[in-house]
Amino acid sequence: MGKRFYCDFCDKSFPDNLASKKNHFNGFHHQRMRKAHYDAFRDPMTILAEEAAKRPCLSFFQTGNCNFGDGCRFSHLTEERKQHLEAECLRKKHEKRKGPSEGPGSSLAVGFLEDWLAKRSEAPEKNPTKKHLFPSYRLPQILENIPHIPPSLLPPTREDFENLPRLEWG
């Protein structure tokens, strides 16, 4: 049995060759499953905006299902789902204003970041006690006994670092 390719989106495996992959990736089922996967991570505000621009699907609201499913060009947004998305949007807006209690936006992390930025902004010219620490390099033992080493193999000196122009990033 030869190598097989496994598609995480579709939960299928098939022979690992170019023709099989091309047929699978261009297939309707794979494209629908891939879209469904990425749609699960969409922002609720985006979903609400897109669904508000569409007209309601008559078939979906009359019978409870639609033959086109997720590929339908009309909206399948129910009132409960709409309320859930609006609540999710409000929660995210509230978190942006207030900031979450834990994680990257927490006050502890913000305080740490502010301290780090304050230390980084101290220029050596303003703070004479703070000196630049230049790295020290040595030749490997294998190269120490070679008489005429090419300049490209010589380690940089302190003067090489001092003569570099100071660049500000950001």
# chains A, B, ... in the order shown; residues from 1 in each chain; ligands from 1
$ residues_around --residues "Ser13 (chain A)" --least-positions-apart "3" --cutoff "12 Å" --atoms "only C-alpha atoms" --output "list in words"
Gly2, Lys3, Arg4, Phe5, Tyr6, Cys7, Asp8, Phe9, Cys10, Asp16, Asn17, Ser20, Lys21, His24 and His30 of chain A
$ select_by_dssp --residues "chain A" --states "helix (DSSP H, G or I)" --output "MDAnalysis selection string"
chainID A and resid 18:25 28:39 44:53 58:63 69:71 79:98 107:121 141:144 151:153 158:162
$ residues_around --residues "Arg34 (chain A)" --least-positions-apart "2" --cutoff "12 Å" --atoms "only C-alpha atoms" --output "list of chain:residue names"
A:Cys7, A:Asp8, A:Phe9, A:Cys10, A:Asp11, A:His24, A:Phe25, A:Asn26, A:Gly27, A:Phe28, A:His29, A:His30, A:Gln31, A:Arg32, A:Ala36, A:His37, A:Tyr38, A:Asp39, A:Ala40, A:Phe41, A:Asp70
$ write_last_selection --atoms "C-alpha atoms" --output "CSV table (one decimal), in the first residue's frame"
chain,number,residue,atom,x,y,z
A,7,CYS,CA,-7.1,15.9,4.7
A,8,ASP,CA,-7.9,17.4,8.1
A,9,PHE,CA,-10.8,19.5,6.8
A,10,CYS,CA,-12.7,16.6,5.3
A,11,ASP,CA,-11.5,13.8,7.6
A,24,HIS,CA,-9.8,16.7,-3.9
A,25,PHE,CA,-8.8,20.3,-3.3
A,26,ASN,CA,-10.9,21.5,-6.2
A,27,GLY,CA,-13.9,19.4,-5.1
A,28,PHE,CA,-17.1,21.0,-3.7
A,29,HIS,CA,-17.0,19.0,-0.5
A,30,HIS,CA,-13.4,20.0,0.4
A,31,GLN,CA,-14.1,23.7,-0.3
A,32,ARG,CA,-17.3,23.6,1.8
A,36,ALA,CA,-16.9,25.9,7.4
A,37,HIS,CA,-13.7,25.5,9.4
A,38,TYR,CA,-12.5,29.1,8.8
A,39,ASP,CA,-16.0,30.5,9.4
A,40,ALA,CA,-15.9,29.2,12.9
A,41,PHE,CA,-13.1,31.7,13.7
A,70,ASP,CA,-23.9,27.1,4.0
$ closest_residue --among "A:Asn23, A:Leu85, A:Asn65, A:Leu167" --to "Arg42 (chain A)" --atoms "only C-alpha atoms"
A:Leu85
$ atom_distance --atom1 "CA of Cys66 (chain A)" --atom2 "CA of Ala49 (chain A)"
21.3 Å
$ closest_residue --among "A:Leu153, A:Ala53, A:Leu18, A:Cys89" --to "His76 (chain A)" --atoms "only C-alpha atoms"
A:Ala53
$ atom_distance --atom1 "CA of Arg138 (chain A)" --atom2 "CA of Pro155 (chain A)"
6.4 Å
$ select_by_dssp --residues "region 4-170 of chain A" --states "strand (DSSP E or B)" --output "JSON, numbers by chain"
{"A": [4, 5, 6, 7, 12, 13, 14, 15, 56, 75]}
$ write_last_selection --atoms "N, CA and C atoms" --output "compact mmCIF listing (two decimals), in the first residue's frame"
# COMPACT_ATOMS: atom_id res chain seq x y z
N ARG A 4 -0.43 7.67 1.69
CA ARG A 4 -1.77 8.25 1.61
C ARG A 4 -1.73 9.64 2.22
N PHE A 5 -2.52 10.52 1.66
CA PHE A 5 -2.65 11.89 2.15
C PHE A 5 -3.92 11.99 2.98
N TYR A 6 -3.83 12.64 4.13
CA TYR A 6 -5.00 12.81 4.99
C TYR A 6 -5.38 14.29 5.02
N CYS A 7 -6.64 14.58 4.70
CA CYS A 7 -7.15 15.95 4.71
C CYS A 7 -7.85 16.19 6.05
N LYS A 12 -10.71 12.72 5.51
CA LYS A 12 -10.61 11.67 4.49
C LYS A 12 -9.15 11.45 4.16
N SER A 13 -8.85 10.25 3.70
CA SER A 13 -7.51 9.99 3.18
C SER A 13 -7.66 9.43 1.77
N PHE A 14 -6.63 9.68 0.96
CA PHE A 14 -6.64 9.24 -0.43
C PHE A 14 -5.19 9.11 -0.88
N PRO A 15 -4.95 8.46 -2.04
CA PRO A 15 -3.57 8.28 -2.50
C PRO A 15 -2.84 9.62 -2.62
N PRO A 56 -33.42 37.48 4.01
CA PRO A 56 -33.66 36.19 4.67
C PRO A 56 -34.01 35.09 3.65
N SER A 75 -29.68 34.86 3.88
CA SER A 75 -29.34 34.78 5.29
C SER A 75 -30.12 33.68 6.01
$ residues_around --residues "Thr157 (chain A)" --least-positions-apart "4" --cutoff "10 Å" --atoms "only C-alpha atoms" --output "VMD selection string"
chain A and resid 134 to 138 161 to 162
